[in-house]
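Undergrad: Got a structure for you, questions after.
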Amino acid sequence: GAVVSQHPSRVICKSGTSVKIECRSLDFQATTMFWYRQFPKQSLMLMATSNEGSKATYEQGVEKDKFLINHASLTLSTLTVTSAHPEDSSFYICSARTGNNYGYTFGSGTRLTVV
Amino acid sequence: GESVGLHLPTLSVQEGDNSIINCAYSNSASDYFIWYKQESGKGPQFIIDIRSNMDKRQGQRVTVLLNKTVKHLSLQIAATQPGDSAVYFCAEKRAAGNKLTFGGGTRVLVKP
């Protein structure tokens with residue numbers, strides 16, 4: 001079946017630094033990937049839609065200059081949290097469409113802690 | 001704004017009993033619905049899906065029911081097992097576009 005690999009699973013960084021999270025589709029090509037953020041005991045909130053070869057589409061209220069998304073190939077999308085602050089600490093999850101059958105596969109998530 | 005929502009944050013169920021998790025959605029333009037299971041510290045795991053042209057779909061121990069008249073979605077888990085303990089989310093996709101909107105989630109606790 002379709003597998004989405006997300007790395008790293010956990011990361012701790014200092015305030016003001018940047019962190020990059022990778023999302024790879026291992027056995028399929030993903031023209032569209034999605035990035036979510038999930039705070040403790042809350043639901044997944046879509047941050048942006050990542051489109052291969054074009055600019056990402058951000059949801060309302062998500063700062064595109066703070067959350068940089070790059071989708072340079074059909075198997076890799078990256079999310080960079082720039083100038084991270086403690087309030088950016090969260091669980092970040094990516095997903096990818098797996099074709100025309102409406103399938104969505106999720107990565108295992110990245111726990112970001114900003115200290 | 002429009003959203004998919006859940007009204008039962010926690011469901012405690014005895015092992016072996018059936019579980020029913022409910023979800024209300026507000027967007028009549030949604031054409032596809034999915035139930036996900038999420039264990040602590042992990043990404044959502046697909047359970048079962050249903051398209052808007054159906055009202056029922058069954059999988060292994062799980063059944064999804066869709067009532068478009070009242071915009072209601074439910075997940076039934078038969079013979080609930082300890083391994084079913086997790087948070088369950090419903091998600092909807094609008095006919096136009098690819099985005100999924102997630103409901104608030106229900107935590108299922110299976111008591112031995």
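We label chains A, B, ... in the order they appear in the structure tokens, count residues from 1 in each chain, and number ligands from 1 in the order shown.
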Which residues are close to segment 20-28 of chain A, i.e. within 10 Å by only C-alpha atoms, leaving aside same-chain residues fewer than 3 positions away? Reply as JSON, numbers by chain.
TA: {"A": [1, 2, 3, 4, 5, 6, 7, 8, 9, 10, 11, 31, 33, 34, 35, 67, 68, 69, 70, 71, 73, 74, 75, 76, 77, 78, 79, 80, 81, 82, 92, 93, 94, 95, 96, 97, 98, 99, 105, 106, 107, 108, 109, 110, 112]}
Undergrad: Output as an NGL selection string the set of chain B residues within 8 Å of chain A, with distances taken over only C-alpha atoms.
TA: :B and (32 or 41-46 or 89 or 99-105)
Undergrad: Can you write just those residues out, C-alpha atoms, as a CSV table (one decimal), in the first residue's frame?
TA:
```csv
chain,number,residue,atom,x,y,z
B,32,TYR,CA,-16.5,11.9,0.4
B,41,GLY,CA,2.0,10.3,18.9
B,42,LYS,CA,1.1,8.9,15.6
B,43,GLY,CA,-0.4,10.0,12.3
B,44,PRO,CA,-4.0,9.3,11.4
B,45,GLN,CA,-4.7,5.7,10.2
B,46,PHE,CA,-7.4,5.1,7.6
B,89,PHE,CA,-11.8,11.6,13.6
B,99,LYS,CA,-8.8,19.4,1.0
B,100,LEU,CA,-10.0,17.3,4.0
B,101,THR,CA,-11.7,19.0,6.9
B,102,PHE,CA,-11.4,17.1,10.2
B,103,GLY,CA,-14.0,16.9,12.9
B,104,GLY,CA,-13.1,17.5,16.6
B,105,GLY,CA,-12.4,13.8,17.5
```
Undergrad: How many Å lie between atom CA of Ile50 of chain B and atom CA of Pro82 of chain B, rounded to one decimal?
TA: 25.4 Å
Undergrad: When you look at segment 13-16 of chain B with a cut-off of 9 Å (counting only C-alpha atoms), what residues show up, excluding the ones that are within fewer than 2 positions of it in the same chain? I need them as a list in words.
TA: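 Once the adjacent positions are removed, what remains is Leu11, Asn18, Ser19, Ala78, Ala79, Thr80, Gln81, Pro82, Val108, Leu109, Val110, Lys111 and Pro112 of chain B.
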Undergrad: For the residues selected in the previous step, produce a file with N, CA, C and O atoms as a PDB file, in the first residue's frame.
TA:
```pdb
ATOM      1  N   LEU B  11     -15.661   8.383  24.776  1.00  0.00           N
ATOM      2  CA  LEU B  11     -16.583   7.272  24.801  1.00  0.00           C
ATOM      3  C   LEU B  11     -15.926   6.102  25.512  1.00  0.00           C
ATOM      4  O   LEU B  11     -14.896   5.611  25.063  1.00  0.00           O
ATOM      5  N   ASN B  18     -20.230  -3.152  21.345  1.00  0.00           N
ATOM      6  CA  ASN B  18     -20.128  -2.358  20.122  1.00  0.00           C
ATOM      7  C   ASN B  18     -19.974  -0.880  20.462  1.00  0.00           C
ATOM      8  O   ASN B  18     -20.512  -0.405  21.456  1.00  0.00           O
ATOM      9  N   SER B  19     -19.236  -0.172  19.632  1.00  0.00           N
ATOM     10  CA  SER B  19     -19.044   1.267  19.812  1.00  0.00           C
ATOM     11  C   SER B  19     -19.679   2.012  18.656  1.00  0.00           C
ATOM     12  O   SER B  19     -19.654   1.545  17.507  1.00  0.00           O
ATOM     13  N   ALA B  78     -17.663  -3.107  15.858  1.00  0.00           N
ATOM     14  CA  ALA B  78     -18.229  -4.298  16.474  1.00  0.00           C
ATOM     15  C   ALA B  78     -17.203  -4.973  17.374  1.00  0.00           C
ATOM     16  O   ALA B  78     -16.001  -4.979  17.090  1.00  0.00           O
ATOM     17  N   ALA B  79     -17.699  -5.512  18.489  1.00  0.00           N
ATOM     18  CA  ALA B  79     -16.845  -6.268  19.407  1.00  0.00           C
ATOM     19  C   ALA B  79     -15.559  -5.505  19.700  1.00  0.00           C
ATOM     20  O   ALA B  79     -14.448  -5.975  19.408  1.00  0.00           O
ATOM     21  N   THR B  80     -15.712  -4.344  20.302  1.00  0.00           N
ATOM     22  CA  THR B  80     -14.580  -3.448  20.547  1.00  0.00           C
ATOM     23  C   THR B  80     -13.493  -4.155  21.354  1.00  0.00           C
ATOM     24  O   THR B  80     -13.765  -4.825  22.356  1.00  0.00           O
ATOM     25  N   GLN B  81     -12.282  -3.944  20.932  1.00  0.00           N
ATOM     26  CA  GLN B  81     -11.120  -4.585  21.553  1.00  0.00           C
ATOM     27  C   GLN B  81     -10.206  -3.539  22.186  1.00  0.00           C
ATOM     28  O   GLN B  81     -10.260  -2.363  21.811  1.00  0.00           O
ATOM     29  N   PRO B  82      -9.347  -3.927  23.118  1.00  0.00           N
ATOM     30  CA  PRO B  82      -8.423  -2.958  23.730  1.00  0.00           C
ATOM     31  C   PRO B  82      -7.604  -2.184  22.703  1.00  0.00           C
ATOM     32  O   PRO B  82      -7.311  -1.002  22.885  1.00  0.00           O
ATOM     33  N   VAL B 108     -11.934   7.045  22.348  1.00  0.00           N
ATOM     34  CA  VAL B 108     -12.575   5.789  22.731  1.00  0.00           C
ATOM     35  C   VAL B 108     -11.687   5.071  23.730  1.00  0.00           C
ATOM     36  O   VAL B 108     -10.505   4.814  23.443  1.00  0.00           O
ATOM     37  N   LEU B 109     -12.238   4.780  24.891  1.00  0.00           N
ATOM     38  CA  LEU B 109     -11.512   4.039  25.930  1.00  0.00           C
ATOM     39  C   LEU B 109     -12.191   2.695  26.108  1.00  0.00           C
ATOM     40  O   LEU B 109     -13.385   2.627  26.421  1.00  0.00           O
ATOM     41  N   VAL B 110     -11.444   1.638  25.906  1.00  0.00           N
ATOM     42  CA  VAL B 110     -11.997   0.292  26.024  1.00  0.00           C
ATOM     43  C   VAL B 110     -11.633  -0.265  27.387  1.00  0.00           C
ATOM     44  O   VAL B 110     -10.453  -0.398  27.719  1.00  0.00           O
ATOM     45  N   LYS B 111     -12.637  -0.592  28.157  1.00  0.00           N
ATOM     46  CA  LYS B 111     -12.425  -1.126  29.501  1.00  0.00           C
ATOM     47  C   LYS B 111     -12.412  -2.649  29.458  1.00  0.00           C
ATOM     48  O   LYS B 111     -13.267  -3.264  28.844  1.00  0.00           O
ATOM     49  N   PRO B 112     -11.419  -3.249  30.128  1.00  0.00           N
ATOM     50  CA  PRO B 112     -11.323  -4.711  30.107  1.00  0.00           C
ATOM     51  C   PRO B 112     -12.431  -5.375  30.904  1.00  0.00           C
ATOM     52  O   PRO B 112     -13.037  -4.764  31.761  1.00  0.00           O
TER      53      PRO B 112
END
```
Undergrad: Give me, as an MDAnalysis selection string, all polymer residues having an atom no more than 10 Å from Ser89 of chain A, counting only C-alpha atoms and skipping those fewer than 4 positions away in the same chain.
TA: chainID A and resid 11:13 37:39 84:85 111:115
Undergrad: Can you measure atom CA of Phe33 of chain B to atom CA of Met54 of chain B for me? One decimal in Å is fine.
TA: 10.6 Å
Undergrad: Which neighbours of Glu39 of chain B fall inside 10 Å, counting only C-alpha atoms, when residues of the same chain fewer than 4 positions from it are skipped, and could you give them as a PyMOL selection string?
TA: chain B and resi 43-45+83-88+107
Undergrad: Would you mind listing what lies within 9 Å of segment 61-74 of chain B as a list in words, with only C-alpha atoms counted and same-chain residues fewer than 3 positions away left out?
TA: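 Neighbouring residues, sequence-local ones excluded: Ile20, Ile21, Asn22, Cys23, Ala24, Tyr25, Ser26, Asn27, Ser28, Phe33, Ile34, Trp35, Ile47, Ile48, Asp49, Ile50, Arg51, Ser52, Met54, Asp55, Lys56, Arg57, Gln58, Ile77, Ala78, Ala79, Thr80 and Cys90 of chain B.
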Undergrad: As an exercise, work out the distance from atom CA of Gln76 of chain B to atom CA of Gln38 of chain B in Å and give it to one decimal place.
TA: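 Atom-to-atom, atom CA of Gln76 of chain B and atom CA of Gln38 of chain B are spaced 16.1 Å apart.
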Undergrad: From the DSSP assignment of the backbone, select every residue of chain A that is strand (DSSP E or B), and format the answer as a ChimeraX atom specification.
TA: /A:4-7,10-13,19-25,32-38,45-51,57-58,67-73,76-81,90-97,104-106,110-114
